[in-house]
Every structure is written in C-alpha cells, then in structure tokens.
$ cat upload_31.cif   # mmCIF, C-alpha atoms
data_input
#
loop_
_atom_site.group_PDB
_atom_site.id
_atom_site.type_symbol
_atom_site.label_atom_id
_atom_site.label_comp_id
_atom_site.auth_asym_id
_atom_site.auth_seq_id
_atom_site.Cartn_x
_atom_site.Cartn_y
_atom_site.Cartn_z
ATOM 1 C CA LEU A 1 -32.023 -6.869 15.326
ATOM 2 C CA ARG A 2 -29.708 -9.272 17.175
ATOM 3 C CA PRO A 3 -26.374 -9.873 15.372
ATOM 4 C CA SER A 4 -27.427 -13.406 14.336
ATOM 5 C CA ALA A 5 -30.793 -12.180 13.037
ATOM 6 C CA HIS A 6 -29.115 -9.347 11.146
ATOM 7 C CA SER A 7 -26.687 -11.845 9.575
ATOM 8 C CA GLN A 8 -29.540 -14.102 8.478
ATOM 9 C CA LEU A 9 -31.443 -11.148 6.999
ATOM 10 C CA SER A 10 -28.345 -10.029 5.072
ATOM 11 C CA GLU A 11 -27.876 -13.529 3.655
ATOM 12 C CA ILE A 12 -31.529 -13.708 2.603
ATOM 13 C CA LEU A 13 -31.250 -10.365 0.793
ATOM 14 C CA CYS A 14 -28.035 -11.524 -0.866
ATOM 15 C CA PHE A 15 -29.725 -14.726 -1.970
ATOM 16 C CA ARG A 16 -32.725 -12.872 -3.388
ATOM 17 C CA GLN A 17 -30.418 -10.629 -5.411
ATOM 18 C CA SER A 18 -28.508 -13.654 -6.721
ATOM 19 C CA LEU A 19 -31.727 -15.489 -7.558
ATOM 20 C CA ARG A 20 -33.052 -12.514 -9.527
ATOM 21 C CA LEU A 21 -29.823 -12.429 -11.566
ATOM 22 C CA VAL A 22 -29.970 -16.163 -12.289
ATOM 23 C CA LEU A 23 -33.672 -16.119 -13.189
ATOM 24 C CA HIS A 24 -33.190 -13.083 -15.437
ATOM 25 C CA THR A 25 -30.427 -14.937 -17.258
ATOM 26 C CA HIS A 26 -32.573 -18.001 -17.925
ATOM 27 C CA LEU A 27 -35.863 -16.254 -18.634
ATOM 28 C CA HIS A 28 -34.613 -13.430 -20.834
ATOM 29 C CA SER A 29 -31.537 -14.810 -22.524
ATOM 30 C CA THR A 30 -29.893 -18.012 -23.629
ATOM 31 C CA MET A 31 -26.545 -16.261 -23.565
ATOM 32 C CA VAL A 32 -23.960 -15.848 -20.867
ATOM 33 C CA TYR A 33 -22.860 -12.439 -19.607
ATOM 34 C CA HIS A 34 -19.927 -11.187 -21.674
ATOM 35 C CA SER A 35 -17.263 -8.675 -20.701
ATOM 36 C CA ALA A 36 -17.868 -5.037 -21.545
ATOM 37 C CA PHE A 37 -14.113 -4.748 -22.213
ATOM 38 C CA ASN A 38 -14.113 -6.882 -25.366
ATOM 39 C CA ASN A 39 -14.318 -3.827 -27.598
ATOM 40 C CA ALA A 40 -12.099 -1.528 -25.558
ATOM 41 C CA PRO A 41 -9.587 0.174 -27.908
ATOM 42 C CA GLY A 42 -5.848 -0.334 -27.825
ATOM 43 C CA GLN A 43 -5.810 -3.663 -26.026
ATOM 44 C CA ARG A 44 -2.630 -5.667 -25.806
ATOM 45 C CA LEU A 45 -2.974 -9.457 -25.773
ATOM 46 C CA LEU A 46 -1.022 -12.054 -23.836
ATOM 47 C CA CYS A 47 -1.702 -15.525 -25.262
ATOM 48 C CA GLY A 48 -5.144 -14.264 -26.271
ATOM 49 C CA PHE A 49 -5.927 -12.724 -22.871
ATOM 50 C CA SER A 50 -6.610 -8.979 -22.889
ATOM 51 C CA LEU A 51 -4.164 -7.130 -20.667
ATOM 52 C CA LEU A 52 -6.685 -5.025 -18.743
ATOM 53 C CA PRO A 53 -6.427 -2.338 -16.044
ATOM 54 C CA VAL A 54 -7.245 -3.707 -12.581
ATOM 55 C CA LYS A 55 -7.952 -2.115 -9.209
ATOM 56 C CA THR A 56 -5.232 -3.778 -7.170
ATOM 57 C CA ALA A 57 -2.163 -3.256 -5.043
ATOM 58 C CA PHE A 58 -0.676 -6.586 -6.118
ATOM 59 C CA LYS A 59 2.326 -6.382 -8.406
ATOM 60 C CA GLY A 60 2.054 -7.435 -12.033
ATOM 61 C CA PRO A 61 1.829 -6.219 -15.622
ATOM 62 C CA ALA A 62 -1.771 -4.971 -15.387
ATOM 63 C CA LEU A 63 -2.131 -1.200 -15.255
ATOM 64 C CA ARG A 64 -3.896 0.288 -12.219
ATOM 65 C CA ALA A 65 -7.566 1.132 -12.752
ATOM 66 C CA GLN A 66 -9.209 3.992 -10.871
ATOM 67 C CA PRO A 67 -10.942 3.014 -7.602
ATOM 68 C CA SER A 68 -14.314 4.118 -9.009
ATOM 69 C CA ASP A 69 -13.933 2.041 -12.181
ATOM 70 C CA VAL A 70 -15.581 -1.310 -12.834
ATOM 71 C CA ASP A 71 -12.879 -3.768 -13.798
ATOM 72 C CA ILE A 72 -12.766 -7.337 -15.117
ATOM 73 C CA ILE A 73 -12.747 -8.778 -11.584
ATOM 74 C CA ASP A 74 -15.904 -6.848 -10.686
ATOM 75 C CA GLU A 75 -17.520 -8.280 -13.810
ATOM 76 C CA THR A 76 -16.396 -11.805 -12.947
ATOM 77 C CA LEU A 77 -17.835 -11.734 -9.430
ATOM 78 C CA ASP A 78 -20.992 -9.807 -10.354
ATOM 79 C CA TYR A 79 -21.818 -12.311 -13.115
ATOM 80 C CA PHE A 80 -20.429 -15.426 -11.434
ATOM 81 C CA LYS A 81 -23.677 -16.879 -10.093
ATOM 82 C CA ALA A 82 -25.341 -16.599 -13.497
ATOM 83 C CA ASN A 83 -22.408 -17.556 -15.727
ATOM 84 C CA VAL A 84 -21.368 -20.584 -13.676
ATOM 85 C CA LEU A 85 -24.610 -22.313 -14.689
ATOM 86 C CA PHE A 86 -23.589 -22.491 -18.347
ATOM 87 C CA ARG A 87 -21.755 -25.376 -20.032
ATOM 88 C CA SER A 88 -20.631 -23.336 -23.052
ATOM 89 C CA PHE A 89 -19.376 -19.822 -23.708
ATOM 90 C CA GLU A 90 -19.017 -18.040 -27.047
ATOM 91 C CA VAL A 91 -15.822 -15.994 -26.800
ATOM 92 C CA LYS A 92 -16.251 -12.507 -28.269
ATOM 93 C CA GLY A 93 -12.852 -11.079 -27.431
ATOM 94 C CA GLY A 94 -9.741 -11.237 -25.295
ATOM 95 C CA ALA A 95 -11.571 -9.853 -22.258
ATOM 96 C CA ASP A 96 -13.986 -12.796 -22.395
ATOM 97 C CA ARG A 97 -11.018 -15.140 -22.100
ATOM 98 C CA VAL A 98 -10.001 -13.353 -18.910
ATOM 99 C CA LEU A 99 -13.607 -13.529 -17.667
ATOM 100 C CA ILE A 100 -13.738 -17.280 -18.339
ATOM 101 C CA TYR A 101 -10.423 -17.912 -16.592
ATOM 102 C CA LEU A 102 -11.398 -15.872 -13.535
ATOM 103 C CA THR A 103 -14.819 -17.537 -13.315
ATOM 104 C CA LEU A 104 -13.093 -20.914 -13.202
ATOM 105 C CA TYR A 105 -10.608 -19.558 -10.665
ATOM 106 C CA ALA A 106 -13.388 -18.134 -8.466
ATOM 107 C CA HIS A 107 -15.045 -21.564 -8.535
ATOM 108 C CA GLN A 108 -11.762 -23.148 -7.467
ATOM 109 C CA CYS A 109 -11.491 -20.611 -4.635
ATOM 110 C CA LEU A 110 -15.012 -21.371 -3.422
ATOM 111 C CA SER A 111 -14.199 -25.072 -3.238
ATOM 112 C CA LYS A 112 -11.398 -24.179 -0.801
ATOM 113 C CA MET A 113 -13.702 -22.087 1.393
ATOM 114 C CA VAL A 114 -16.233 -24.778 2.288
ATOM 115 C CA GLU A 115 -16.516 -24.996 6.095
ATOM 116 C CA LYS A 116 -13.571 -22.606 6.532
ATOM 117 C CA SER A 117 -13.398 -19.372 8.511
ATOM 118 C CA LYS A 118 -12.409 -16.128 6.820
ATOM 119 C CA GLY A 119 -8.942 -16.287 8.353
ATOM 120 C CA ASP A 120 -8.381 -19.840 7.139
ATOM 121 C CA ALA A 121 -9.718 -18.935 3.684
ATOM 122 C CA GLU A 122 -7.300 -16.006 3.410
ATOM 123 C CA LYS A 123 -4.351 -18.323 4.076
ATOM 124 C CA LEU A 124 -5.573 -20.974 1.647
ATOM 125 C CA LEU A 125 -6.271 -18.528 -1.176
ATOM 126 C CA PHE A 126 -2.961 -16.760 -0.701
ATOM 127 C CA GLN A 127 -1.183 -20.060 -1.359
ATOM 128 C CA LEU A 128 -3.556 -20.988 -4.188
ATOM 129 C CA ALA A 129 -2.918 -17.706 -6.013
ATOM 130 C CA ILE A 130 0.859 -18.108 -6.129
ATOM 131 C CA GLU A 131 1.210 -21.877 -6.529
ATOM 132 C CA ASN A 132 2.829 -23.336 -9.644
ATOM 133 C CA PHE A 133 -0.350 -23.326 -11.743
ATOM 134 C CA SER A 134 -0.686 -24.207 -15.434
ATOM 135 C CA ILE A 135 -0.496 -21.481 -18.075
ATOM 136 C CA PRO A 136 -1.151 -21.449 -21.844
ATOM 137 C CA GLY A 137 1.226 -23.861 -23.551
ATOM 138 C CA ASP A 138 1.124 -26.381 -20.676
ATOM 139 C CA LYS A 139 -0.631 -29.688 -21.385
ATOM 140 C CA ALA A 140 -2.682 -29.372 -18.196
ATOM 141 C CA PHE A 141 -3.996 -25.880 -18.979
ATOM 142 C CA ALA A 142 -7.800 -26.116 -18.953
ATOM 143 C CA LEU A 143 -8.442 -23.498 -21.651
ATOM 144 C CA GLY A 144 -5.960 -24.657 -24.274
ATOM 145 C CA GLY A 145 -8.556 -24.443 -27.024
ATOM 146 C CA PHE A 146 -9.424 -20.843 -26.184
ATOM 147 C CA VAL A 147 -5.980 -19.253 -25.992
ATOM 148 C CA SER A 148 -2.724 -19.272 -27.930
ATOM 149 C CA ASN A 149 0.595 -20.611 -26.717
ATOM 150 C CA PRO A 150 3.287 -18.133 -25.656
ATOM 151 C CA SER A 151 5.402 -17.032 -28.601
ATOM 152 C CA ASN A 152 8.546 -16.951 -26.450
ATOM 153 C CA ARG A 153 9.817 -17.224 -22.872
ATOM 154 C CA ALA A 154 9.180 -13.540 -22.196
ATOM 155 C CA GLU A 155 5.479 -13.858 -23.042
ATOM 156 C CA ALA A 156 5.204 -17.021 -20.941
ATOM 157 C CA ASP A 157 6.718 -15.202 -17.956
ATOM 158 C CA GLN A 158 4.459 -12.197 -18.440
ATOM 159 C CA VAL A 159 1.232 -14.204 -18.776
ATOM 160 C CA ARG A 160 2.116 -16.052 -15.553
ATOM 161 C CA GLN A 161 2.709 -12.733 -13.791
ATOM 162 C CA TYR A 162 -0.586 -11.368 -15.124
ATOM 163 C CA LEU A 163 -2.611 -14.419 -14.091
ATOM 164 C CA THR A 164 -0.955 -14.411 -10.667
ATOM 165 C CA GLN A 165 -1.892 -10.753 -10.190
ATOM 166 C CA LEU A 166 -5.489 -11.480 -11.228
ATOM 167 C CA ARG A 167 -5.711 -14.568 -9.017
ATOM 168 C CA GLN A 168 -4.480 -12.648 -5.970
ATOM 169 C CA GLU A 169 -6.952 -9.796 -6.416
ATOM 170 C CA THR A 170 -9.869 -12.079 -7.314
ATOM 171 C CA GLY A 171 -9.340 -14.181 -4.202
ATOM 172 C CA LYS A 172 -9.115 -11.087 -2.013
ATOM 173 C CA ARG A 173 -12.371 -9.618 -3.319
ATOM 174 C CA LEU A 174 -14.199 -12.937 -3.336
ATOM 175 C CA ILE A 175 -13.407 -13.459 0.343
ATOM 176 C CA GLU A 176 -14.943 -10.087 1.192
ATOM 177 C CA ARG A 177 -18.181 -11.096 -0.537
ATOM 178 C CA VAL A 178 -18.356 -14.649 0.789
ATOM 179 C CA TYR A 179 -17.711 -13.632 4.403
ATOM 180 C CA ALA A 180 -19.596 -10.323 4.313
ATOM 181 C CA THR A 181 -22.078 -11.382 6.996
ATOM 182 C CA ASN A 182 -20.141 -13.924 9.056
ATOM 183 C CA GLU A 183 -16.360 -14.220 9.355
ATOM 184 C CA MET A 184 -16.601 -17.684 10.897
ATOM 185 C CA LYS A 185 -18.303 -19.421 7.998
ATOM 186 C CA PRO A 186 -18.842 -18.771 4.286
ATOM 187 C CA SER A 187 -22.215 -17.739 2.930
ATOM 188 C CA LYS A 188 -24.144 -20.778 1.740
ATOM 189 C CA TRP A 189 -25.470 -18.637 -1.118
ATOM 190 C CA TRP A 190 -21.946 -18.633 -2.498
ATOM 191 C CA VAL A 191 -20.567 -22.063 -1.628
ATOM 192 C CA CYS A 192 -23.672 -23.773 -3.029
ATOM 193 C CA PHE A 193 -22.259 -22.984 -6.478
ATOM 194 C CA VAL A 194 -19.299 -25.290 -5.830
ATOM 195 C CA LYS A 195 -21.549 -28.090 -7.119
ATOM 196 C CA ARG A 196 -21.798 -26.344 -10.506
ATOM 197 C CA LYS A 197 -19.177 -26.877 -13.201
ATOM 198 C CA PHE A 198 -18.741 -23.865 -15.476
ATOM 199 C CA MET A 199 -18.092 -24.956 -19.075
ATOM 200 C CA ASN A 200 -17.911 -28.502 -17.704
ATOM 201 C CA THR A 201 -14.292 -27.986 -16.666
ATOM 202 C CA THR A 202 -12.083 -26.871 -13.781
ATOM 203 C CA LEU A 203 -8.646 -25.295 -13.475
#
$ encode --input "upload_31.cif" --output "structure tokens"
Amino acid sequence: LRPSAHSQLSEILCFRQSLRLVLHTHLHSTMVYHSAFNNAPGQRLLCGFSLLPVKTAFKGPALRAQPSDVDIIDETLDYFKANVLFRSFEVKGGADRVLIYLTLYAHQCLSKMVEKSKGDAEKLLFQLAIENFSIPGDKAFALGGFVSNPSNRAEADQVRQYLTQLRQETGKRLIERVYATNEMKPSKWWVCFVKRKFMNTTL
C-alpha cells in the first residue's frame, strides 16, 4: 500500500474499533466505564483523588508503575470515546475521580490539537500541563462537588504536583494515539469528540 493509503486504512480500523466500543456501551449498558482501581487496597487520597501508580518519567508524588501494567491513564484513554458521551457519572471511589478529571483533561487537550501538527501539539500540551490550573478548593475548579478541599497547604501543594504529573503523562500518551497515522494532522476519529461535553462541563 502507498503511505497515504496505509494511513487511511489505519484510521478506518481505528474508527471501527472506537465505534464498536461506543456501540457496546450504549447497547449493553447504561453505565459509564469505571476504574478498576477503585477497590485497590491501601490507597492514599489527596482531596478525594486516589494517589495511584503511573507509568511515567515525569516527576511527582505518584509511584512508578511497571511498564507492563495498565494504569489510570491507560484506562482514561481506552475508555475516553465511550465515557465522553455521558452527561453523568456515578463515582464509586477515588480512582473514578482521577478518571473523571483525566477524561476532562484529555478533552481539553483534543481541543488544542484541532488542525495542529504533532510538533505543534507537543508544544501546546507541554504548556497546558504546567500552566496555573485550578485545583480543589479553588472557586473555578470544575469538580468541586466531587472532591474535598485541601486540609492544609501541604496537601494543596501535593495535589497540584500530582495533577501536573498526570496531565503531563496524559498529554504525552494522547499525542501518540492521535497522531499514530499522520504526524502532520490529528486523527479525525479523535478530534471529532471535541464536540462532546463529558458530564456537561469542561476544565
């Protein structure tokens, strides 16, 4: 196959896989996909967010997961195209709060990628990940009803470090998926979900 034909075929296969996931969600369940980490033992919470191991080289309070492990970011991106269609989400644990936050963050990232090359997207998402974003306790924080406020300055600092670490790794992995077939433009089977509004809110 010519490179362009191979790229189109890869996008079609990606779309078919995404469509099967979305159809399965609507035909077989009225529920969103929840995190498998909700019942993991010995979890520490930061403002209601589970402090989970993550496969990343970015600095932060999260412990390092093994490369072969599925982590919360894998769950977020694997379930994104199905979960983003829902306007409500029943929280079943601290890991779900992380999943919700990262789904909203992935949506925000996608909105930055529209009509951008991979190189441009990398620059934009690097800045987005480390900008002065809202955290629990701030009036502008989108998930104020789902999390608790920091109990002190130390917890506020740590939750910001944790969310920054998650934002950096999520953006990095999302870029690899969105530009898997063409580094000059994002896959339309990803950016089409920019029009959706998960839980009817944005970060």
$ resolve_selection --input "upload_31.cif" --expression "the PyMOL selection byres ((chain A and resi 29-40) around 12)" --output "VMD selection string"
chain A and resid 21 to 28 41 to 45 48 to 54 70 to 100 102 to 103 198 to 199
$ closest_residue --input "upload_31.cif" --among "A:Met113, A:Ile135, A:Ala121, A:Val194" --to "Pro150 in chain A" --atoms "all atoms listed in the file"
A:Ile135
$ axis_aligned_box --input "upload_31.cif" --around "range 122-134 of chain A" --padding-each-side "4 Å" --output "lines of an AutoDock Vina configuration file"
center_x = -2.2
center_y = -20.1
center_z = -5.7
size_x = 18.1
size_y = 16.2
size_z = 27.5
$ residues_near_point --input "upload_31.cif" --point "(-4.1, -17.6, -1.5)" --cutoff "12 Å" --atoms "all atoms listed in the file" --output "PyMOL selection string"
chain A and resi 105-106+108-110+112-113+118-131+164-175
$ resolve_selection --input "upload_31.cif" --expression "the PyMOL selection byres ((chain A and resi 147) around 6)" --output "list in words"
Cys47, Gly48, Gly144, Gly145, Phe146 and Ser148 of chain A
$ atom_distance --input "upload_31.cif" --atom1 "CA of Glu155 in chain A" --atom2 "CA of Tyr101 in chain A"
17.6 Å
$ atom_distance --input "upload_31.cif" --atom1 "CA of Trp190 in chain A" --atom2 "CA of Leu203 in chain A"
18.5 Å
$ atom_distance --input "upload_31.cif" --atom1 "CA of Gln161 in chain A" --atom2 "CA of Gly60 in chain A"
5.6 Å
$ residues_around --input "upload_31.cif" --residues "Asp69 in chain A" --least-positions-apart "3" --cutoff "9 Å" --atoms "only C-alpha atoms" --output "list in words"
Val54, Lys55, Ala65 and Gln66 of chain A
$ write_last_selection --input "upload_31.cif" --atoms "C-alpha atoms" --output "PDB file, in the frame of the given file"
ATOM      1  CA  VAL A  54      -7.245  -3.707 -12.581  1.00  0.00           C
ATOM      2  CA  LYS A  55      -7.952  -2.115  -9.209  1.00  0.00           C
ATOM      3  CA  ALA A  65      -7.566   1.132 -12.752  1.00  0.00           C
ATOM      4  CA  GLN A  66      -9.209   3.992 -10.871  1.00  0.00           C
TER       5      GLN A  66
END
$ build_atoms --input "upload_31.cif" --residues "range 118-129 of chain A" --atoms "all heavy atoms" --output "PDB file, in the coordinates of the input"
ATOM      1  N   LYS A 118     -13.014 -17.129   7.699  1.00  0.00           N
ATOM      2  CA  LYS A 118     -12.409 -16.128   6.820  1.00  0.00           C
ATOM      3  C   LYS A 118     -10.893 -16.153   6.933  1.00  0.00           C
ATOM      4  O   LYS A 118     -10.180 -16.093   5.919  1.00  0.00           O
ATOM      5  CB  LYS A 118     -12.938 -14.730   7.163  1.00  0.00           C
ATOM      6  CG  LYS A 118     -12.408 -13.638   6.250  1.00  0.00           C
ATOM      7  CD  LYS A 118     -12.994 -12.274   6.603  1.00  0.00           C
ATOM      8  CE  LYS A 118     -12.470 -11.187   5.664  1.00  0.00           C
ATOM      9  NZ  LYS A 118     -13.023  -9.851   6.011  1.00  0.00           N
ATOM     10  N   GLY A 119     -10.391 -16.264   8.155  1.00  0.00           N
ATOM     11  CA  GLY A 119      -8.942 -16.287   8.353  1.00  0.00           C
ATOM     12  C   GLY A 119      -8.295 -17.476   7.670  1.00  0.00           C
ATOM     13  O   GLY A 119      -7.234 -17.352   7.033  1.00  0.00           O
ATOM     14  N   ASP A 120      -8.913 -18.648   7.794  1.00  0.00           N
ATOM     15  CA  ASP A 120      -8.381 -19.840   7.139  1.00  0.00           C
ATOM     16  C   ASP A 120      -8.445 -19.693   5.617  1.00  0.00           C
ATOM     17  O   ASP A 120      -7.534 -20.102   4.905  1.00  0.00           O
ATOM     18  CB  ASP A 120      -9.168 -21.080   7.567  1.00  0.00           C
ATOM     19  CG  ASP A 120      -8.870 -21.488   8.999  1.00  0.00           C
ATOM     20  OD1 ASP A 120      -7.813 -21.080   9.529  1.00  0.00           O
ATOM     21  OD2 ASP A 120      -9.690 -22.206   9.595  1.00  0.00           O
ATOM     22  N   ALA A 121      -9.556 -19.124   5.130  1.00  0.00           N
ATOM     23  CA  ALA A 121      -9.718 -18.935   3.684  1.00  0.00           C
ATOM     24  C   ALA A 121      -8.648 -17.995   3.135  1.00  0.00           C
ATOM     25  O   ALA A 121      -8.115 -18.222   2.045  1.00  0.00           O
ATOM     26  CB  ALA A 121     -11.113 -18.398   3.375  1.00  0.00           C
ATOM     27  N   GLU A 122      -8.335 -16.951   3.866  1.00  0.00           N
ATOM     28  CA  GLU A 122      -7.300 -16.006   3.410  1.00  0.00           C
ATOM     29  C   GLU A 122      -5.960 -16.712   3.239  1.00  0.00           C
ATOM     30  O   GLU A 122      -5.247 -16.482   2.254  1.00  0.00           O
ATOM     31  CB  GLU A 122      -7.183 -14.849   4.406  1.00  0.00           C
ATOM     32  CG  GLU A 122      -8.361 -13.890   4.355  1.00  0.00           C
ATOM     33  CD  GLU A 122      -8.335 -12.864   5.474  1.00  0.00           C
ATOM     34  OE1 GLU A 122      -7.658 -13.112   6.502  1.00  0.00           O
ATOM     35  OE2 GLU A 122      -8.973 -11.816   5.320  1.00  0.00           O
ATOM     36  N   LYS A 123      -5.615 -17.587   4.174  1.00  0.00           N
ATOM     37  CA  LYS A 123      -4.351 -18.323   4.076  1.00  0.00           C
ATOM     38  C   LYS A 123      -4.366 -19.282   2.892  1.00  0.00           C
ATOM     39  O   LYS A 123      -3.390 -19.381   2.138  1.00  0.00           O
ATOM     40  CB  LYS A 123      -4.093 -19.090   5.382  1.00  0.00           C
ATOM     41  CG  LYS A 123      -3.890 -18.197   6.591  1.00  0.00           C
ATOM     42  CD  LYS A 123      -3.789 -19.016   7.867  1.00  0.00           C
ATOM     43  CE  LYS A 123      -3.705 -18.127   9.093  1.00  0.00           C
ATOM     44  NZ  LYS A 123      -3.704 -18.931  10.351  1.00  0.00           N
ATOM     45  N   LEU A 124      -5.472 -19.998   2.728  1.00  0.00           N
ATOM     46  CA  LEU A 124      -5.573 -20.974   1.647  1.00  0.00           C
ATOM     47  C   LEU A 124      -5.512 -20.306   0.269  1.00  0.00           C
ATOM     48  O   LEU A 124      -4.835 -20.787  -0.641  1.00  0.00           O
ATOM     49  CB  LEU A 124      -6.871 -21.775   1.781  1.00  0.00           C
ATOM     50  CG  LEU A 124      -6.920 -22.784   2.930  1.00  0.00           C
ATOM     51  CD1 LEU A 124      -8.342 -23.291   3.133  1.00  0.00           C
ATOM     52  CD2 LEU A 124      -5.986 -23.960   2.649  1.00  0.00           C
ATOM     53  N   LEU A 125      -6.234 -19.187   0.134  1.00  0.00           N
ATOM     54  CA  LEU A 125      -6.271 -18.528  -1.176  1.00  0.00           C
ATOM     55  C   LEU A 125      -4.980 -17.791  -1.485  1.00  0.00           C
ATOM     56  O   LEU A 125      -4.634 -17.625  -2.657  1.00  0.00           O
ATOM     57  CB  LEU A 125      -7.470 -17.575  -1.260  1.00  0.00           C
ATOM     58  CG  LEU A 125      -8.858 -18.222  -1.170  1.00  0.00           C
ATOM     59  CD1 LEU A 125      -9.924 -17.265  -1.697  1.00  0.00           C
ATOM     60  CD2 LEU A 125      -8.923 -19.539  -1.913  1.00  0.00           C
ATOM     61  N   PHE A 126      -4.271 -17.358  -0.464  1.00  0.00           N
ATOM     62  CA  PHE A 126      -2.961 -16.760  -0.701  1.00  0.00           C
ATOM     63  C   PHE A 126      -2.033 -17.783  -1.348  1.00  0.00           C
ATOM     64  O   PHE A 126      -1.340 -17.489  -2.333  1.00  0.00           O
ATOM     65  CB  PHE A 126      -2.357 -16.260   0.615  1.00  0.00           C
ATOM     66  CG  PHE A 126      -0.931 -15.792   0.479  1.00  0.00           C
ATOM     67  CD1 PHE A 126      -0.641 -14.541  -0.042  1.00  0.00           C
ATOM     68  CD2 PHE A 126       0.130 -16.615   0.861  1.00  0.00           C
ATOM     69  CE1 PHE A 126       0.681 -14.113  -0.183  1.00  0.00           C
ATOM     70  CE2 PHE A 126       1.446 -16.197   0.717  1.00  0.00           C
ATOM     71  CZ  PHE A 126       1.720 -14.944   0.196  1.00  0.00           C
ATOM     72  N   GLN A 127      -2.019 -19.002  -0.799  1.00  0.00           N
ATOM     73  CA  GLN A 127      -1.183 -20.060  -1.359  1.00  0.00           C
ATOM     74  C   GLN A 127      -1.664 -20.492  -2.733  1.00  0.00           C
ATOM     75  O   GLN A 127      -0.855 -20.749  -3.636  1.00  0.00           O
ATOM     76  CB  GLN A 127      -1.155 -21.268  -0.405  1.00  0.00           C
ATOM     77  CG  GLN A 127      -0.451 -21.011   0.908  1.00  0.00           C
ATOM     78  CD  GLN A 127       1.019 -20.653   0.719  1.00  0.00           C
ATOM     79  OE1 GLN A 127       1.679 -21.146  -0.196  1.00  0.00           O
ATOM     80  NE2 GLN A 127       1.540 -19.788   1.573  1.00  0.00           N
ATOM     81  N   LEU A 128      -2.993 -20.573  -2.910  1.00  0.00           N
ATOM     82  CA  LEU A 128      -3.556 -20.988  -4.188  1.00  0.00           C
ATOM     83  C   LEU A 128      -3.166 -20.017  -5.310  1.00  0.00           C
ATOM     84  O   LEU A 128      -2.861 -20.425  -6.428  1.00  0.00           O
ATOM     85  CB  LEU A 128      -5.084 -21.079  -4.088  1.00  0.00           C
ATOM     86  CG  LEU A 128      -5.826 -21.533  -5.346  1.00  0.00           C
ATOM     87  CD1 LEU A 128      -5.458 -22.970  -5.694  1.00  0.00           C
ATOM     88  CD2 LEU A 128      -7.336 -21.406  -5.138  1.00  0.00           C
ATOM     89  N   ALA A 129      -3.188 -18.729  -4.999  1.00  0.00           N
ATOM     90  CA  ALA A 129      -2.918 -17.706  -6.013  1.00  0.00           C
ATOM     91  C   ALA A 129      -1.504 -17.790  -6.560  1.00  0.00           C
ATOM     92  O   ALA A 129      -1.275 -17.523  -7.746  1.00  0.00           O
ATOM     93  CB  ALA A 129      -3.176 -16.318  -5.440  1.00  0.00           C
TER      94      ALA A 129
END
